[in-house]
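Step one of this worksheet: look at the structure below.
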Amino acid sequence: MIVVKDLVKRFGELTVLNGVSEHFKKGECVCIIGPSGSGKSTFLRCLNLLETPTSGEILFDGVSMTDQKTDINRMRQKMGMVFQHFNLFPNMTILNNITLAPVRTGLMDKAKAEQEAMSLLQRVGLADKAKNYPAQLSGGQKQRIAIVRALAMHPEVMLFDEPTSALDPEMVGEVLDVMKALAMEGMTMLVVTHEMGFAREVSNRVLFLDEGNIVEQGEPHNLFYNPQSDRLKSFLAKVL
Amino acid sequence: MVSSLEQYTAWKALMVAGEPTTAWQKFYVQFYQAFIENDRWQQYINGVGTTLLVTLLALLLGIALGIIVAVVRTAHDQQRPGHRNPVLSVLNAILKVYVTVIRGTPMMVQLMIMGFVIFASSRNYVMVGALTLGINSGAYTAEIIRGGLMSVDAGQMEAGRSLGLNYADTMRFIIVPQAIKAILPALGNEFIVLLKDTSLISVIGGKELLYAARGVVSRTYEAMYPYVGTAIIYLLLVMLFTWLLGIFERRLRASDRR
């Protein structure tokens with residue numbers, strides 16, 4: 001579904017991604033772990049071109065994301081993204097946060113979008129917050145709304161950029177539960193995370209990134225209990 | 001019972017003759033001739049009408065220009081590397097010249113050039129004045145709006161674009177509304193400056209409030225009441241609009257309530 005070929009990203013002198021190649025299949029839930037500064041978030045943000053890759057190619061359903069002729073807005077509609085800091089739109093109600101993109105991109109009309117938004121809100125247990133503003137919600141609630149907002153576009157893949165890192169510990173669970181349910185339904189998910197528990201239990205595959213390279217990857221139990229590289233061993237020793 | 005006009009005429013005669021008069025008589029005469037004689041108050045009212053009309057027109061033009069300039073300049077600065085749009089670069093260069101020239105020359109000089117050079121043959125001084133003030137205000141408003149657009153968290157643009165919204169929609173529905181809330185105090189300031197700067201169009205013949213006062217002064221040879229009266233009218237107008245802006249600001253802050 002997503003093929004990454006020799007992806008390089010430099011910020012000036014600093015090389016953040018050093019030729020990453022990877023293939024993500026439909027229905028996979030892949031967690032990307034690694035120390036801070038290893039390029040995890042940059043990798044994820046390159047996939048929907050929030051960061052412009054320095055070189056390399058990204059194919060999404062066979063369409064090159066980096067091609068100048070590609071309609072990037074159309075492609076992004078198929079890739080939902082959830083951010084560390086939620087990035088809800090503070091100037092609109094929760095309902096408008098969710099329906100804005102589906103309506104404006106012509107995916108569905110207002111009535112249909114609202115109906116769908118309400119049923120999605122129901123699913124995450126926040127239907128009573130539809131008329132509220134983001135400032136009135138807790139962090140965990142905001143992040144669940146952010147997930148719903150991305151889902152409202154019917155994406156083929158969901159990108160999660162450290163979705164629980166900015167949350168109070170007691171709110172992490174409610175967000176991970178939503179993500180877990182999503183993975184169970186077969187949504188293709190790429191998750192940059194520090195939640196090793198989630199990576200171990202929910203993901204099909206874990207990538208370990210360090211200094212802009214995929215150092216090691218594999219099925220989670222294997223990777224966590226039988227790490228091969230010294231770099232992963234020392235990383236796991238610190239976080240587990 | 002003497003009428004006010006008879007009273008005025010009698011006391012005026014005393015003053016002209018150099019007879020001793022009381023402070024009350026002096027006040028009565030000067031106030032009467034500044035505002036009441038020959039229904040002069042109508043001139044002030046008409047002047048206020050013109051002042052408000054020019055302010056409104058200049059404000060609308062200024063905000064329209066300001067938004068265009070700010071959005072083009074911000075869009076130019078936010079282009080992805082390797083995706084430079086040549087049209088945007090040319091526009092950006094032109095708009096930079098516009099902002100530099102307008103901010104770099106006095107408003108009075110701009111008015112005189114517009115009134116006596118570019119539109120020298122036009123009799124419609126009010127419209128020329130409104131146009132000049134609008135163009136002037138646009139340059140300042142543009143920088144205020146640009147500051148507002150830049151103050152919105154970059155994550156908002158990323159969130160909008162990641163949903164597949166295009167740049168224009170993200171700006172229109174997400175960035176600009178938040179920017180407006182942030183810049184409202186500065187915009188209010190610009191609006192007040194604009195309201196007061198309309199007094200400058202009297203130099204090219206625009207019949208606004210100060211023009212009316214000057215007309216009265218030149219007829220009565222008495223400056224205090226017309227000019228102080230004018231100052232008080234401006235002050236009241238500014239206080240009124242400050243109050244209205246405060247209400248508007250509170251309404252915009254509705255989404256902040258917890």
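Here, A, B, ... name the chains of the structure tokens in the order displayed, residue numbers run from 1 inside each chain, and ligands are numbered from 1 in the same displayed order.
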
Would you write out, as a Markdown table, a table of all residues in chain B that have an atom no more than 12 Å from an atom of chain A, listing for each the closest atom pair and the distance in Å to one decimal, considering only C-alpha atoms and ordering rows by chain and rising residue number?
| residue | atom | partner | partner_atom | distance |
| --- | --- | --- | --- | --- |
| B:Gln79 | CA | A:Thr52 | CA | 10.9 |
| B:Arg80 | CA | A:Thr52 | CA | 7.3 |
| B:Pro81 | CA | A:Thr52 | CA | 7.7 |
| B:Gly82 | CA | A:Thr52 | CA | 9.1 |
| B:His83 | CA | A:Gln68 | CA | 8.4 |
| B:Arg84 | CA | A:Gln68 | CA | 11.7 |
| B:Val152 | CA | A:Phe89 | CA | 10.7 |
| B:Asp153 | CA | A:Asn87 | CA | 8.7 |
| B:Ala154 | CA | A:Asn87 | CA | 9.2 |
| B:Gly155 | CA | A:Asn87 | CA | 5.8 |
| B:Gln156 | CA | A:Asn87 | CA | 5.7 |
| B:Met157 | CA | A:Asn87 | CA | 9.0 |
| B:Glu158 | CA | A:Leu50 | CA | 6.8 |
| B:Ala159 | CA | A:Asn87 | CA | 6.1 |
| B:Gly160 | CA | A:Ala101 | CA | 7.9 |
| B:Arg161 | CA | A:Asn73 | CA | 7.3 |
| B:Ser162 | CA | A:Arg76 | CA | 5.7 |
| B:Leu163 | CA | A:Gln77 | CA | 5.5 |
| B:Gly164 | CA | A:Gln77 | CA | 4.4 |
| B:Leu165 | CA | A:Ala101 | CA | 6.2 |
| B:Asn166 | CA | A:Asn73 | CA | 6.1 |
| B:Tyr167 | CA | A:Asn73 | CA | 9.1 |
| B:Ala168 | CA | A:Arg104 | CA | 11.1 |
| B:Asp169 | CA | A:Arg104 | CA | 7.8 |
| B:Thr170 | CA | A:Ala101 | CA | 9.3 |
| B:Met171 | CA | A:Phe89 | CA | 11.9 |
| B:Arg172 | CA | A:Arg104 | CA | 11.3 |
| B:Phe173 | CA | A:Leu100 | CA | 8.5 |
| B:Ile174 | CA | A:Phe89 | CA | 6.6 |
| B:Ile175 | CA | A:Phe89 | CA | 9.0 |
| B:Val176 | CA | A:Asn91 | CA | 10.1 |
| B:Pro177 | CA | A:Asn91 | CA | 7.0 |
| B:Gln178 | CA | A:Asn91 | CA | 6.4 |
| B:Ala179 | CA | A:Asn91 | CA | 10.2 |
| B:Ile180 | CA | A:Asn91 | CA | 10.7 |
| B:Lys181 | CA | A:Asn91 | CA | 9.3 |
| B:Ala182 | CA | A:Asn91 | CA | 11.6 |
| B:Arg251 | CA | A:Asn91 | CA | 11.8 |
| B:Leu252 | CA | A:Asn91 | CA | 8.8 |
| B:Arg253 | CA | A:Asn91 | CA | 8.9 |
| B:Ala254 | CA | A:Asn91 | CA | 8.8 |
| B:Ser255 | CA | A:Tyr133 | CA | 5.8 |
| B:Asp256 | CA | A:Ala135 | CA | 6.1 |
| B:Arg257 | CA | A:Gln136 | CA | 7.1 |
| B:Arg258 | CA | A:Gln136 | CA | 4.7 |

**Report entry** For stretch 113-119 of chain A: contacts at 9 Å, only C-alpha atoms, fewer than 4 positions along chain excluded, given as a PyMOL selection string
**Finding:** chain A and resi 95-96+98-100+102-103+107-109+123-124+126-127+130+148-149+152

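Separating atom CA of B:Leu210 from atom CA of B:Thr105 is a distance of 22.8 Å.
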
Query raised in the report: Residues at most 8 Å from B:Leu65, counting only C-alpha atoms, excluding those fewer than 3 positions away in the same chain, as a list in words?
Result: Leu61, Gly62, Ile68, Val69, Ile135, Gly138, Ala139 and Ala142 of chain B

Hey, can you spit out that residue selection with N, CA, C and O atoms as a PDB file, in the first residue's frame?
ATOM      1  N   LEU B  61     -11.839  49.280   2.402  1.00  0.00           N
ATOM      2  CA  LEU B  61     -10.767  49.176   1.405  1.00  0.00           C
ATOM      3  C   LEU B  61      -9.472  48.725   2.076  1.00  0.00           C
ATOM      4  O   LEU B  61      -8.759  47.856   1.557  1.00  0.00           O
ATOM      5  N   GLY B  62      -9.190  49.317   3.244  1.00  0.00           N
ATOM      6  CA  GLY B  62      -7.952  48.974   3.958  1.00  0.00           C
ATOM      7  C   GLY B  62      -7.917  47.516   4.363  1.00  0.00           C
ATOM      8  O   GLY B  62      -6.903  46.838   4.209  1.00  0.00           O
ATOM      9  N   ILE B  68      -5.521  40.864   1.334  1.00  0.00           N
ATOM     10  CA  ILE B  68      -4.876  40.392   0.099  1.00  0.00           C
ATOM     11  C   ILE B  68      -3.357  40.418   0.245  1.00  0.00           C
ATOM     12  O   ILE B  68      -2.662  39.428  -0.004  1.00  0.00           O
ATOM     13  N   VAL B  69      -2.840  41.563   0.694  1.00  0.00           N
ATOM     14  CA  VAL B  69      -1.386  41.706   0.817  1.00  0.00           C
ATOM     15  C   VAL B  69      -0.839  40.680   1.818  1.00  0.00           C
ATOM     16  O   VAL B  69       0.142  39.975   1.540  1.00  0.00           O
ATOM     17  N   ILE B 135      -6.001  53.153   0.891  1.00  0.00           N
ATOM     18  CA  ILE B 135      -4.724  52.621   0.407  1.00  0.00           C
ATOM     19  C   ILE B 135      -3.671  52.720   1.508  1.00  0.00           C
ATOM     20  O   ILE B 135      -2.884  51.804   1.728  1.00  0.00           O
ATOM     21  N   GLY B 138      -4.443  50.174   4.256  1.00  0.00           N
ATOM     22  CA  GLY B 138      -4.166  48.816   3.793  1.00  0.00           C
ATOM     23  C   GLY B 138      -2.748  48.364   4.100  1.00  0.00           C
ATOM     24  O   GLY B 138      -2.517  47.221   4.492  1.00  0.00           O
ATOM     25  N   ALA B 139      -1.787  49.275   3.938  1.00  0.00           N
ATOM     26  CA  ALA B 139      -0.387  48.913   4.160  1.00  0.00           C
ATOM     27  C   ALA B 139      -0.137  48.562   5.630  1.00  0.00           C
ATOM     28  O   ALA B 139       0.576  47.610   5.939  1.00  0.00           O
ATOM     29  N   ALA B 142      -2.144  45.355   6.544  1.00  0.00           N
ATOM     30  CA  ALA B 142      -1.484  44.162   6.004  1.00  0.00           C
ATOM     31  C   ALA B 142      -0.461  43.617   6.983  1.00  0.00           C
ATOM     32  O   ALA B 142      -0.400  42.404   7.229  1.00  0.00           O
TER      33      ALA B 142
END

Requested in this report: In Å, rounded to a single decimal, give me how far atom CA of A:Tyr225 is from atom CA of A:Val30.
Outcome: 17.5 Å

Requested in this report: Enumerate, as a PyMOL selection string, the complete set of residues in stretch 17-208 of chain A that a backbone-based DSSP assignment places in strand (DSSP E or B).
Outcome: chain A and resi 17-24+29-33+55-60+63-64+79-82+157-161+188-192+205-208

Requested in this report: Grab the atom CA of A:Val178 to atom CA of A:Met158 distance for me, in Å with one decimal place.
Outcome: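 Here the two named atoms are 12.6 Å from each other.
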
Query - Residues near B:Val128, cut-off 8 Å, only C-alpha atoms, skip fewer than 5 positions along chain, as a PyMOL selection string - result: chain B and resi 114-115+119

Residues at most 12 Å from B:Trp243, counting only C-alpha atoms, excluding those fewer than 6 positions away in the same chain, as a CSV table (one decimal) with N, CA and C atoms, in the first residue's frame?
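Contents of part10.csv, as written:
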chain,number,residue,atom,x,y,z
B,185,PRO,N,-7.4,43.8,18.9
B,185,PRO,CA,-7.0,45.0,19.6
B,185,PRO,C,-6.2,45.9,18.7
B,188,GLY,N,-8.4,47.5,16.1
B,188,GLY,CA,-9.2,48.5,16.7
B,188,GLY,C,-8.4,49.8,16.7
B,192,ILE,N,-9.2,53.4,14.9
B,192,ILE,CA,-9.3,54.7,15.6
B,192,ILE,C,-8.4,55.7,15.0
B,236,LEU,N,-15.9,61.6,21.5
B,236,LEU,CA,-17.1,60.8,21.8
B,236,LEU,C,-17.2,59.6,20.8
B,237,LEU,N,-16.9,60.0,19.5
B,237,LEU,CA,-16.9,58.9,18.5
B,237,LEU,C,-16.0,57.8,18.8
B,249,GLU,N,-15.2,41.9,20.6
B,249,GLU,CA,-14.1,41.1,21.0
B,249,GLU,C,-14.6,40.0,22.0
B,250,ARG,N,-15.5,40.4,22.9
B,250,ARG,CA,-16.0,39.4,23.9
B,250,ARG,C,-16.8,38.3,23.2
